[in-house]
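Novice: Structure: structure_18.cif, mmCIF, C-alpha atoms, pLDDT in the B column; chains and numbers go by the auth columns.
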```
data_run
#
loop_
_atom_site.group_PDB
_atom_site.id
_atom_site.type_symbol
_atom_site.label_atom_id
_atom_site.label_comp_id
_atom_site.label_asym_id
_atom_site.label_seq_id
_atom_site.Cartn_x
_atom_site.Cartn_y
_atom_site.Cartn_z
_atom_site.B_iso_or_equiv
_atom_site.auth_seq_id
_atom_site.auth_asym_id
ATOM 1 C CA MET A 1 -34.741 -61.636 48.755 42.00 1 M
ATOM 2 C CA SER A 2 -31.457 -60.953 50.404 57.00 2 M
ATOM 3 C CA GLU A 3 -30.995 -60.017 53.990 77.00 3 M
ATOM 4 C CA ASN A 4 -28.142 -57.662 53.261 89.00 4 M
ATOM 5 C CA LYS A 5 -28.460 -54.074 54.334 94.00 5 M
ATOM 6 C CA LYS A 6 -28.707 -51.442 51.668 96.00 6 M
ATOM 7 C CA THR A 7 -26.987 -48.139 51.027 97.00 7 M
ATOM 8 C CA THR A 8 -28.185 -45.860 48.266 97.00 8 M
ATOM 9 C CA ILE A 9 -26.493 -42.653 47.191 98.00 9 M
ATOM 10 C CA VAL A 10 -27.755 -40.004 44.793 98.00 10 M
ATOM 11 C CA LEU A 11 -24.750 -38.395 43.135 98.00 11 M
ATOM 12 C CA PHE A 12 -26.079 -35.098 41.774 98.00 12 M
ATOM 13 C CA SER A 13 -22.832 -33.166 41.933 98.00 13 M
ATOM 14 C CA GLY A 14 -20.161 -33.182 39.258 97.00 14 M
ATOM 15 C CA ASP A 15 -17.372 -31.991 41.531 97.00 15 M
ATOM 16 C CA TYR A 16 -14.258 -34.097 42.093 97.00 16 M
ATOM 17 C CA ASP A 17 -14.301 -33.766 45.884 97.00 17 M
ATOM 18 C CA LYS A 18 -17.990 -34.549 46.239 98.00 18 M
ATOM 19 C CA ALA A 19 -17.800 -37.513 43.870 98.00 19 M
ATOM 20 C CA MET A 20 -14.816 -38.733 45.893 97.00 20 M
ATOM 21 C CA ALA A 21 -16.859 -38.615 49.100 98.00 21 M
ATOM 22 C CA ALA A 22 -19.682 -40.522 47.399 98.00 22 M
ATOM 23 C CA TYR A 23 -17.385 -43.248 46.087 98.00 23 M
ATOM 24 C CA ILE A 24 -15.520 -43.617 49.387 98.00 24 M
ATOM 25 C CA ILE A 25 -18.820 -44.114 51.214 98.00 25 M
ATOM 26 C CA ALA A 26 -19.986 -46.533 48.517 98.00 26 M
ATOM 27 C CA ASN A 27 -16.822 -48.640 48.801 98.00 27 M
ATOM 28 C CA GLY A 28 -16.987 -48.560 52.583 97.00 28 M
ATOM 29 C CA ALA A 29 -20.606 -49.696 52.562 97.00 29 M
ATOM 30 C CA ALA A 30 -19.746 -52.484 50.114 97.00 30 M
ATOM 31 C CA ALA A 31 -17.069 -53.624 52.568 97.00 31 M
ATOM 32 C CA TYR A 32 -19.873 -53.797 55.149 95.00 32 M
ATOM 33 C CA ASP A 33 -21.630 -56.224 52.784 95.00 33 M
ATOM 34 C CA HIS A 34 -24.309 -53.697 51.979 96.00 34 M
ATOM 35 C CA GLU A 35 -25.976 -53.777 48.609 96.00 35 M
ATOM 36 C CA VAL A 36 -24.887 -50.402 47.296 97.00 36 M
ATOM 37 C CA THR A 37 -26.481 -48.299 44.598 97.00 37 M
ATOM 38 C CA ILE A 38 -25.199 -44.979 43.279 98.00 38 M
ATOM 39 C CA PHE A 39 -27.827 -43.161 41.284 97.00 39 M
ATOM 40 C CA HIS A 40 -26.119 -40.602 39.016 98.00 40 M
ATOM 41 C CA THR A 41 -28.201 -37.643 37.919 97.00 41 M
ATOM 42 C CA PHE A 42 -27.492 -34.216 36.411 97.00 42 M
ATOM 43 C CA TRP A 43 -23.791 -33.307 36.804 97.00 43 M
ATOM 44 C CA GLY A 44 -23.123 -36.562 38.603 98.00 44 M
ATOM 45 C CA LEU A 45 -23.626 -38.337 35.261 98.00 45 M
ATOM 46 C CA ASN A 46 -20.225 -37.016 34.216 97.00 46 M
ATOM 47 C CA ALA A 47 -18.677 -39.464 36.678 98.00 47 M
ATOM 48 C CA LEU A 48 -19.807 -42.230 34.336 98.00 48 M
ATOM 49 C CA ARG A 49 -18.409 -40.719 31.132 97.00 49 M
ATOM 50 C CA LYS A 50 -15.627 -42.506 29.283 95.00 50 M
ATOM 51 C CA ASP A 51 -12.539 -40.315 28.972 91.00 51 M
ATOM 52 C CA GLU A 52 -12.022 -40.796 25.235 87.00 52 M
ATOM 53 C CA HIS A 53 -13.737 -38.631 22.642 84.00 53 M
ATOM 54 C CA LEU A 54 -16.535 -40.449 20.872 82.00 54 M
ATOM 55 C CA SER A 55 -18.369 -39.145 17.868 82.00 55 M
ATOM 56 C CA VAL A 56 -22.031 -39.695 18.493 86.00 56 M
ATOM 57 C CA ASN A 57 -24.866 -38.307 16.499 87.00 57 M
ATOM 58 C CA LYS A 58 -26.471 -35.415 18.384 88.00 58 M
ATOM 59 C CA GLY A 59 -27.722 -31.861 18.057 90.00 59 M
ATOM 60 C CA LEU A 60 -25.651 -28.693 18.382 91.00 60 M
ATOM 61 C CA LEU A 61 -26.783 -27.834 21.886 90.00 61 M
ATOM 62 C CA GLU A 62 -26.019 -31.351 23.116 91.00 62 M
ATOM 63 C CA LYS A 63 -22.609 -31.212 21.445 91.00 63 M
ATOM 64 C CA ILE A 64 -21.785 -27.960 23.236 92.00 64 M
ATOM 65 C CA PHE A 65 -22.934 -29.429 26.535 92.00 65 M
ATOM 66 C CA GLY A 66 -20.770 -32.459 25.875 92.00 66 M
ATOM 67 C CA LYS A 67 -17.714 -30.264 25.266 92.00 67 M
ATOM 68 C CA MET A 68 -18.260 -28.173 28.381 94.00 68 M
ATOM 69 C CA MET A 69 -18.710 -31.029 30.808 95.00 69 M
ATOM 70 C CA PRO A 70 -15.884 -33.205 32.178 95.00 70 M
ATOM 71 C CA ARG A 71 -15.324 -36.583 30.545 95.00 71 M
ATOM 72 C CA GLY A 72 -15.121 -38.834 33.569 96.00 72 M
ATOM 73 C CA VAL A 73 -14.223 -38.351 37.223 96.00 73 M
ATOM 74 C CA ASP A 74 -10.580 -37.518 36.634 95.00 74 M
ATOM 75 C CA LYS A 75 -11.505 -34.417 34.638 95.00 75 M
ATOM 76 C CA MET A 76 -13.819 -32.998 37.302 96.00 76 M
ATOM 77 C CA GLY A 77 -12.903 -29.826 39.185 96.00 77 M
ATOM 78 C CA LEU A 78 -13.077 -29.102 42.897 96.00 78 M
ATOM 79 C CA SER A 79 -16.226 -27.606 44.428 96.00 79 M
ATOM 80 C CA LYS A 80 -14.089 -25.076 46.313 95.00 80 M
ATOM 81 C CA MET A 81 -10.710 -23.521 45.540 94.00 81 M
ATOM 82 C CA ASN A 82 -10.483 -24.984 42.054 93.00 82 M
ATOM 83 C CA TYR A 83 -8.701 -21.892 40.671 93.00 83 M
ATOM 84 C CA LEU A 84 -9.038 -22.921 37.020 92.00 84 M
ATOM 85 C CA GLY A 85 -7.746 -26.383 37.768 92.00 85 M
ATOM 86 C CA MET A 86 -4.697 -25.426 39.850 94.00 86 M
ATOM 87 C CA GLY A 87 -6.429 -26.393 43.088 94.00 87 M
ATOM 88 C CA LYS A 88 -7.379 -29.717 41.579 94.00 88 M
ATOM 89 C CA LYS A 89 -3.749 -30.426 40.592 94.00 89 M
ATOM 90 C CA MET A 90 -2.657 -29.532 44.108 95.00 90 M
ATOM 91 C CA ILE A 91 -5.207 -31.821 45.728 94.00 91 M
ATOM 92 C CA LYS A 92 -4.107 -34.712 43.531 95.00 92 M
ATOM 93 C CA ASN A 93 -0.509 -34.223 44.678 95.00 93 M
ATOM 94 C CA VAL A 94 -1.586 -34.077 48.293 95.00 94 M
ATOM 95 C CA MET A 95 -3.673 -37.225 47.803 95.00 95 M
ATOM 96 C CA LYS A 96 -0.652 -39.063 46.445 94.00 96 M
ATOM 97 C CA LYS A 97 1.440 -37.921 49.382 94.00 97 M
ATOM 98 C CA HIS A 98 -1.137 -39.231 51.837 92.00 98 M
ATOM 99 C CA ASN A 99 -1.727 -42.489 49.967 92.00 99 M
ATOM 100 C CA ALA A 100 -5.351 -41.631 49.253 94.00 100 M
ATOM 101 C CA THR A 101 -6.877 -43.735 46.513 95.00 101 M
ATOM 102 C CA SER A 102 -7.466 -41.770 43.314 96.00 102 M
ATOM 103 C CA LEU A 103 -11.032 -41.207 42.204 96.00 103 M
ATOM 104 C CA PRO A 104 -10.769 -43.316 39.007 96.00 104 M
ATOM 105 C CA ASP A 105 -9.451 -46.190 41.154 96.00 105 M
ATOM 106 C CA LEU A 106 -12.359 -45.732 43.574 97.00 106 M
ATOM 107 C CA VAL A 107 -14.795 -46.053 40.666 97.00 107 M
ATOM 108 C CA ASP A 108 -13.042 -49.221 39.439 96.00 108 M
ATOM 109 C CA MET A 109 -13.080 -50.635 42.958 97.00 109 M
ATOM 110 C CA ALA A 110 -16.775 -49.866 43.332 97.00 110 M
ATOM 111 C CA GLN A 111 -17.475 -51.845 40.167 97.00 111 M
ATOM 112 C CA GLU A 112 -15.276 -54.685 41.437 96.00 112 M
ATOM 113 C CA GLN A 113 -17.270 -54.716 44.661 96.00 113 M
ATOM 114 C CA ASP A 114 -20.530 -54.948 42.692 97.00 114 M
ATOM 115 C CA VAL A 115 -21.744 -51.479 43.549 97.00 115 M
ATOM 116 C CA LYS A 116 -24.689 -50.869 41.259 97.00 116 M
ATOM 117 C CA LEU A 117 -24.032 -47.764 39.145 97.00 117 M
ATOM 118 C CA ILE A 118 -27.166 -46.265 37.691 97.00 118 M
ATOM 119 C CA ALA A 119 -27.448 -43.468 35.134 97.00 119 M
ATOM 120 C CA CYS A 120 -30.630 -41.397 35.259 96.00 120 M
ATOM 121 C CA THR A 121 -32.039 -41.532 31.740 96.00 121 M
ATOM 122 C CA MET A 122 -34.137 -38.382 31.997 95.00 122 M
ATOM 123 C CA THR A 123 -31.146 -36.174 32.799 96.00 123 M
ATOM 124 C CA MET A 124 -29.053 -38.039 30.206 96.00 124 M
ATOM 125 C CA ASP A 125 -31.530 -36.682 27.659 94.00 125 M
ATOM 126 C CA LEU A 126 -31.339 -33.168 29.096 94.00 126 M
ATOM 127 C CA LEU A 127 -27.546 -33.081 28.977 95.00 127 M
ATOM 128 C CA GLY A 128 -27.437 -34.915 25.663 94.00 128 M
ATOM 129 C CA LEU A 129 -25.432 -37.866 26.970 95.00 129 M
ATOM 130 C CA LYS A 130 -25.685 -41.156 25.068 95.00 130 M
ATOM 131 C CA LYS A 131 -25.163 -44.679 26.357 95.00 131 M
ATOM 132 C CA GLU A 132 -22.077 -45.092 24.141 94.00 132 M
ATOM 133 C CA GLU A 133 -20.394 -42.253 26.043 95.00 133 M
ATOM 134 C CA LEU A 134 -20.885 -43.857 29.454 96.00 134 M
ATOM 135 C CA LEU A 135 -19.001 -46.682 31.162 96.00 135 M
ATOM 136 C CA ASP A 136 -19.817 -50.307 30.419 94.00 136 M
ATOM 137 C CA HIS A 137 -21.666 -52.480 32.922 94.00 137 M
ATOM 138 C CA ILE A 138 -23.880 -49.762 34.326 96.00 138 M
ATOM 139 C CA GLU A 139 -27.655 -49.631 34.516 96.00 139 M
ATOM 140 C CA TYR A 140 -30.132 -47.137 33.148 97.00 140 M
ATOM 141 C CA ALA A 141 -33.160 -46.164 35.172 96.00 141 M
ATOM 142 C CA GLY A 142 -35.398 -43.473 36.574 94.00 142 M
ATOM 143 C CA VAL A 143 -36.659 -42.350 39.942 94.00 143 M
ATOM 144 C CA ALA A 144 -38.756 -45.454 40.533 93.00 144 M
ATOM 145 C CA ALA A 145 -35.727 -47.737 40.409 92.00 145 M
ATOM 146 C CA TYR A 146 -33.965 -45.510 42.910 93.00 146 M
ATOM 147 C CA ILE A 147 -36.954 -45.493 45.263 92.00 147 M
ATOM 148 C CA GLY A 148 -37.258 -49.241 44.825 92.00 148 M
ATOM 149 C CA ASP A 149 -33.679 -49.689 46.027 91.00 149 M
ATOM 150 C CA SER A 150 -34.022 -47.127 48.824 93.00 150 M
ATOM 151 C CA GLU A 151 -37.414 -47.898 50.315 92.00 151 M
ATOM 152 C CA ASP A 152 -36.117 -50.803 52.324 89.00 152 M
ATOM 153 C CA GLY A 153 -32.662 -49.305 52.564 91.00 153 M
ATOM 154 C CA ASN A 154 -30.692 -48.410 55.666 94.00 154 M
ATOM 155 C CA ILE A 155 -28.578 -45.491 54.530 96.00 155 M
ATOM 156 C CA THR A 156 -29.442 -42.997 51.853 96.00 156 M
ATOM 157 C CA LEU A 157 -27.508 -39.891 50.882 97.00 157 M
ATOM 158 C CA PHE A 158 -27.809 -37.038 48.429 98.00 158 M
ATOM 159 C CA ILE A 159 -24.451 -35.667 47.369 98.00 159 M
ATOM 160 C CA MET B 1 0.769 -63.277 71.782 76.00 1 T
ATOM 161 C CA ILE B 2 -2.181 -64.243 69.626 87.00 2 T
ATOM 162 C CA GLU B 3 -1.638 -66.769 66.851 91.00 3 T
ATOM 163 C CA SER B 4 -2.941 -65.461 63.556 95.00 4 T
ATOM 164 C CA ASP B 5 -4.013 -67.538 60.570 96.00 5 T
ATOM 165 C CA LYS B 6 -3.369 -64.788 58.085 96.00 6 T
ATOM 166 C CA VAL B 7 -1.577 -61.439 58.095 97.00 7 T
ATOM 167 C CA LEU B 8 -2.866 -58.536 56.033 97.00 8 T
ATOM 168 C CA ASP B 9 -0.593 -55.624 55.176 97.00 9 T
ATOM 169 C CA ALA B 10 -2.821 -52.555 54.913 96.00 10 T
ATOM 170 C CA THR B 11 -0.067 -50.072 55.662 95.00 11 T
ATOM 171 C CA ASN B 12 0.406 -46.915 53.591 94.00 12 T
ATOM 172 C CA VAL B 13 -3.124 -46.942 52.236 94.00 13 T
ATOM 173 C CA ALA B 14 -5.822 -44.488 53.246 93.00 14 T
ATOM 174 C CA CYS B 15 -9.544 -44.702 53.846 93.00 15 T
ATOM 175 C CA PRO B 16 -11.460 -46.677 52.585 95.00 16 T
ATOM 176 C CA MET B 17 -8.729 -49.174 51.595 95.00 17 T
ATOM 177 C CA PRO B 18 -7.949 -50.733 55.011 95.00 18 T
ATOM 178 C CA ILE B 19 -11.563 -51.780 55.450 96.00 19 T
ATOM 179 C CA VAL B 20 -11.979 -52.937 51.831 96.00 20 T
ATOM 180 C CA LYS B 21 -8.796 -55.020 52.068 96.00 21 T
ATOM 181 C CA THR B 22 -9.792 -56.440 55.452 97.00 22 T
ATOM 182 C CA LYS B 23 -13.164 -57.491 54.088 96.00 23 T
ATOM 183 C CA LYS B 24 -11.532 -59.280 51.147 95.00 24 T
ATOM 184 C CA ALA B 25 -8.988 -61.021 53.365 97.00 25 T
ATOM 185 C CA MET B 26 -11.669 -62.070 55.847 96.00 26 T
ATOM 186 C CA GLN B 27 -13.650 -63.798 53.091 95.00 27 T
ATOM 187 C CA GLU B 28 -10.801 -66.268 52.694 95.00 28 T
ATOM 188 C CA LEU B 29 -10.840 -67.301 56.352 96.00 29 T
ATOM 189 C CA ASN B 30 -13.057 -69.811 58.129 96.00 30 T
ATOM 190 C CA SER B 31 -15.125 -68.985 61.166 96.00 31 T
ATOM 191 C CA GLY B 32 -12.955 -68.920 64.303 96.00 32 T
ATOM 192 C CA GLU B 33 -9.743 -68.149 62.437 97.00 33 T
ATOM 193 C CA VAL B 34 -7.819 -64.981 63.244 97.00 34 T
ATOM 194 C CA LEU B 35 -6.823 -62.245 60.824 97.00 35 T
ATOM 195 C CA GLU B 36 -3.952 -59.958 61.786 97.00 36 T
ATOM 196 C CA VAL B 37 -4.210 -56.532 60.158 97.00 37 T
ATOM 197 C CA HIS B 38 -1.391 -53.982 59.972 97.00 38 T
ATOM 198 C CA ALA B 39 -2.399 -50.418 59.159 96.00 39 T
ATOM 199 C CA THR B 40 -1.021 -46.893 59.261 95.00 40 T
ATOM 200 C CA ASP B 41 -4.281 -44.980 58.739 93.00 41 T
ATOM 201 C CA GLN B 42 -5.068 -43.327 62.069 90.00 42 T
ATOM 202 C CA GLY B 43 -8.792 -43.902 61.527 92.00 43 T
ATOM 203 C CA ALA B 44 -8.280 -47.649 61.277 94.00 44 T
ATOM 204 C CA LYS B 45 -8.905 -48.284 64.969 93.00 45 T
ATOM 205 C CA SER B 46 -12.408 -46.809 64.941 94.00 46 T
ATOM 206 C CA ASP B 47 -13.112 -48.201 61.476 95.00 47 T
ATOM 207 C CA LEU B 48 -12.057 -51.771 62.182 95.00 48 T
ATOM 208 C CA THR B 49 -13.739 -51.797 65.597 95.00 49 T
ATOM 209 C CA ALA B 50 -17.063 -50.731 64.063 94.00 50 T
ATOM 210 C CA TRP B 51 -16.693 -53.009 61.056 96.00 51 T
ATOM 211 C CA ALA B 52 -15.889 -56.080 63.156 96.00 52 T
ATOM 212 C CA LYS B 53 -18.840 -55.431 65.465 94.00 53 T
ATOM 213 C CA SER B 54 -21.267 -55.021 62.565 93.00 54 T
ATOM 214 C CA GLY B 55 -20.056 -58.174 60.832 93.00 55 T
ATOM 215 C CA GLY B 56 -20.222 -60.294 63.995 95.00 56 T
ATOM 216 C CA HIS B 57 -16.451 -60.653 64.251 97.00 57 T
ATOM 217 C CA GLU B 58 -14.455 -60.201 67.426 96.00 58 T
ATOM 218 C CA LEU B 59 -11.632 -57.715 67.775 96.00 59 T
ATOM 219 C CA LEU B 60 -9.388 -59.675 70.129 96.00 60 T
ATOM 220 C CA GLU B 61 -6.611 -57.180 70.584 95.00 61 T
ATOM 221 C CA ASP B 62 -4.957 -54.157 69.097 95.00 62 T
ATOM 222 C CA SER B 63 -1.568 -52.559 69.538 95.00 63 T
ATOM 223 C CA GLU B 64 0.606 -49.835 68.149 94.00 64 T
ATOM 224 C CA GLU B 65 4.327 -49.985 67.614 91.00 65 T
ATOM 225 C CA ASP B 66 6.545 -47.785 65.452 91.00 66 T
ATOM 226 C CA GLN B 67 3.405 -46.030 64.196 91.00 67 T
ATOM 227 C CA ILE B 68 2.008 -49.272 62.829 95.00 68 T
ATOM 228 C CA LEU B 69 -1.396 -50.207 64.188 96.00 69 T
ATOM 229 C CA LYS B 70 -1.997 -53.917 64.576 97.00 70 T
ATOM 230 C CA PHE B 71 -5.322 -55.669 65.009 97.00 71 T
ATOM 231 C CA TRP B 72 -6.289 -59.265 65.639 97.00 72 T
ATOM 232 C CA ILE B 73 -9.793 -60.052 64.462 97.00 73 T
ATOM 233 C CA LYS B 74 -11.471 -63.404 64.989 97.00 74 T
ATOM 234 C CA LYS B 75 -13.925 -64.306 62.272 97.00 75 T
ATOM 235 C CA GLY B 76 -17.485 -64.781 63.523 93.00 76 T
#
```
Can you turn what I pasted into structure tokens?
Specialist:
Amino acid sequence: MSENKKTTIVLFSGDYDKAMAAYIIANGAAAYDHEVTIFHTFWGLNALRKDEHLSVNKGLLEKIFGKMMPRGVDKMGLSKMNYLGMGKKMIKNVMKKHNATSLPDLVDMAQEQDVKLIACTMTMDLLGLKKEELLDHIEYAGVAAYIGDSEDGNITLFI
Amino acid sequence: MIESDKVLDATNVACPMPIVKTKKAMQELNSGEVLEVHATDQGAKSDLTAWAKSGGHELLEDSEEDQILKFWIKKG
């Protein structure tokens, strides 16, 4: 048993800006010595995708899903004012100008800080995502694992 | 003037980097030693004040000159 406080975040959204908020909070909480868990479900799973194309054996519908969804955080669009990706490009320039850490770097930093990244296996099946397509050193679990981490937690968020 | 045991340059980085860097730097200090943090993020004052309080550290002093915020935090 550890006496550290706990922060758990459900990342449901697959939008760049929302994922950025989730990962900033996760890194901040880790700096507070919290045990941090991010539970990725539905579109949030795309945050865990590797950016290279991998040929994995799956059905047609799953293949189409795979093509339509972003491969990793850097490919995500904005939740507002995306304008076919122009808004996203603009935000990335503005972020650079203001020295904001890029989203891929925030994900790397979260892993460095031992933030537990969990992929929801039920929604992986629905979206046809395979383990090979997701980042290394993550965990696979369902709702019970999330509740287990949250029930004696201090902060929990749904993004 | 407060004597610091270590100086951390957290200038020109935005949230959440100042706090992440401060945490890492603080791990290398012993209890009672003082970390001097330089930052340019305008949220750093509230962030570091809250972080120090939660971690049992003491924010001894803070100042601002030429748009650089400086903090002296004593490790608890």
Novice: What does the distance from atom CA of M:Arg71 to atom CA of M:Tyr16 come to in Å, to one decimal?
Specialist: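 Atom CA of M:Tyr16 lies 11.9 Å from atom CA of M:Arg71.
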Novice: Give me, as a PyMOL selection string, all polymer residues having an atom no more than 7 Å from M:Leu134, counting all atoms listed in the file and skipping those fewer than 3 positions away in the same chain.
Specialist: chain M and resi 48-50+131
Novice: Neighbouring residues of T:Asn12 were defined as those with any atom within 9 Å, considering all atoms listed in the file; residues of the same chain fewer than 3 positions away were excluded. Please report them as a PyMOL selection string.
Specialist: (chain M and resi 98-100) or (chain T and resi 9+39-41)
Novice: Identify, on the basis of only C-alpha atoms, every residue whose closest approach to T:Lys53 does not exceed 12 Å; exclude the query and any residue fewer than 3 positions from it along the same chain; express the result as a short mmCIF file (atom, residue, chain, number, x, y, z; two decimals) with C-alpha atoms, in the coordinates of the input.
Specialist:
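File produced: out28.cif:
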```cif
data_model
loop_
_atom_site.label_atom_id
_atom_site.label_comp_id
_atom_site.auth_asym_id
_atom_site.auth_seq_id
_atom_site.Cartn_x
_atom_site.Cartn_y
_atom_site.Cartn_z
CA TYR M 32 -19.87 -53.80 55.15
CA SER T 46 -12.41 -46.81 64.94
CA ASP T 47 -13.11 -48.20 61.48
CA LEU T 48 -12.06 -51.77 62.18
CA THR T 49 -13.74 -51.80 65.60
CA ALA T 50 -17.06 -50.73 64.06
CA GLY T 56 -20.22 -60.29 64.00
CA HIS T 57 -16.45 -60.65 64.25
CA GLU T 58 -14.46 -60.20 67.43
CA LEU T 59 -11.63 -57.72 67.78
CA LEU T 60 -9.39 -59.68 70.13
CA ILE T 73 -9.79 -60.05 64.46
CA LYS T 74 -11.47 -63.40 64.99
CA LYS T 75 -13.92 -64.31 62.27
CA GLY T 76 -17.48 -64.78 63.52
#
```
Novice: Suppose a student applies the PyMOL selection byres ((chain T and resi 68) around 9) to this structure; what residues should they get, written as a ChimeraX atom specification?
Specialist: /T:11,38-41,63-67,69-70
Novice: Taking the file as I've supplied it (selection: the PyMOL selection byres ((chain M and resi 130) around 12)), which residues are included? Please answer as number ranges by chain.
Specialist: M: 45-46, 48-50, 54-59, 62-63, 66, 119-129, 131-135, 140
Novice: Can you check which residues of chain T have any atom within 10 Å of chain M? Use all atoms listed in the file and format it as a PyMOL selection string.
Specialist: chain T and resi 11-24+41+47+50-52+54-55
Novice: For atom CA of T:Asp5 and atom CA of M:His34, determine how far apart the two atoms are, in Å to one decimal place.
Specialist: 26.0 Å
Novice: Could you work out how far atom CA of M:Val107 lies from atom CA of M:Val143, giving the answer in Å with one decimal?
Specialist: 22.2 Å
Novice: Residues at most 8 Å from stretch 10-13 of chain M, counting only C-alpha atoms, excluding those fewer than 3 positions away in the same chain, as a VMD selection string?
Specialist: chain M and resid 18 to 19 22 38 to 45 156 to 159
Novice: Kindly indicate which residue among T:Lys45, T:Lys6, T:Phe71, T:Glu61 lies nearest to T:Glu33, using all atoms listed in the file for the distances.
Specialist: T:Lys6
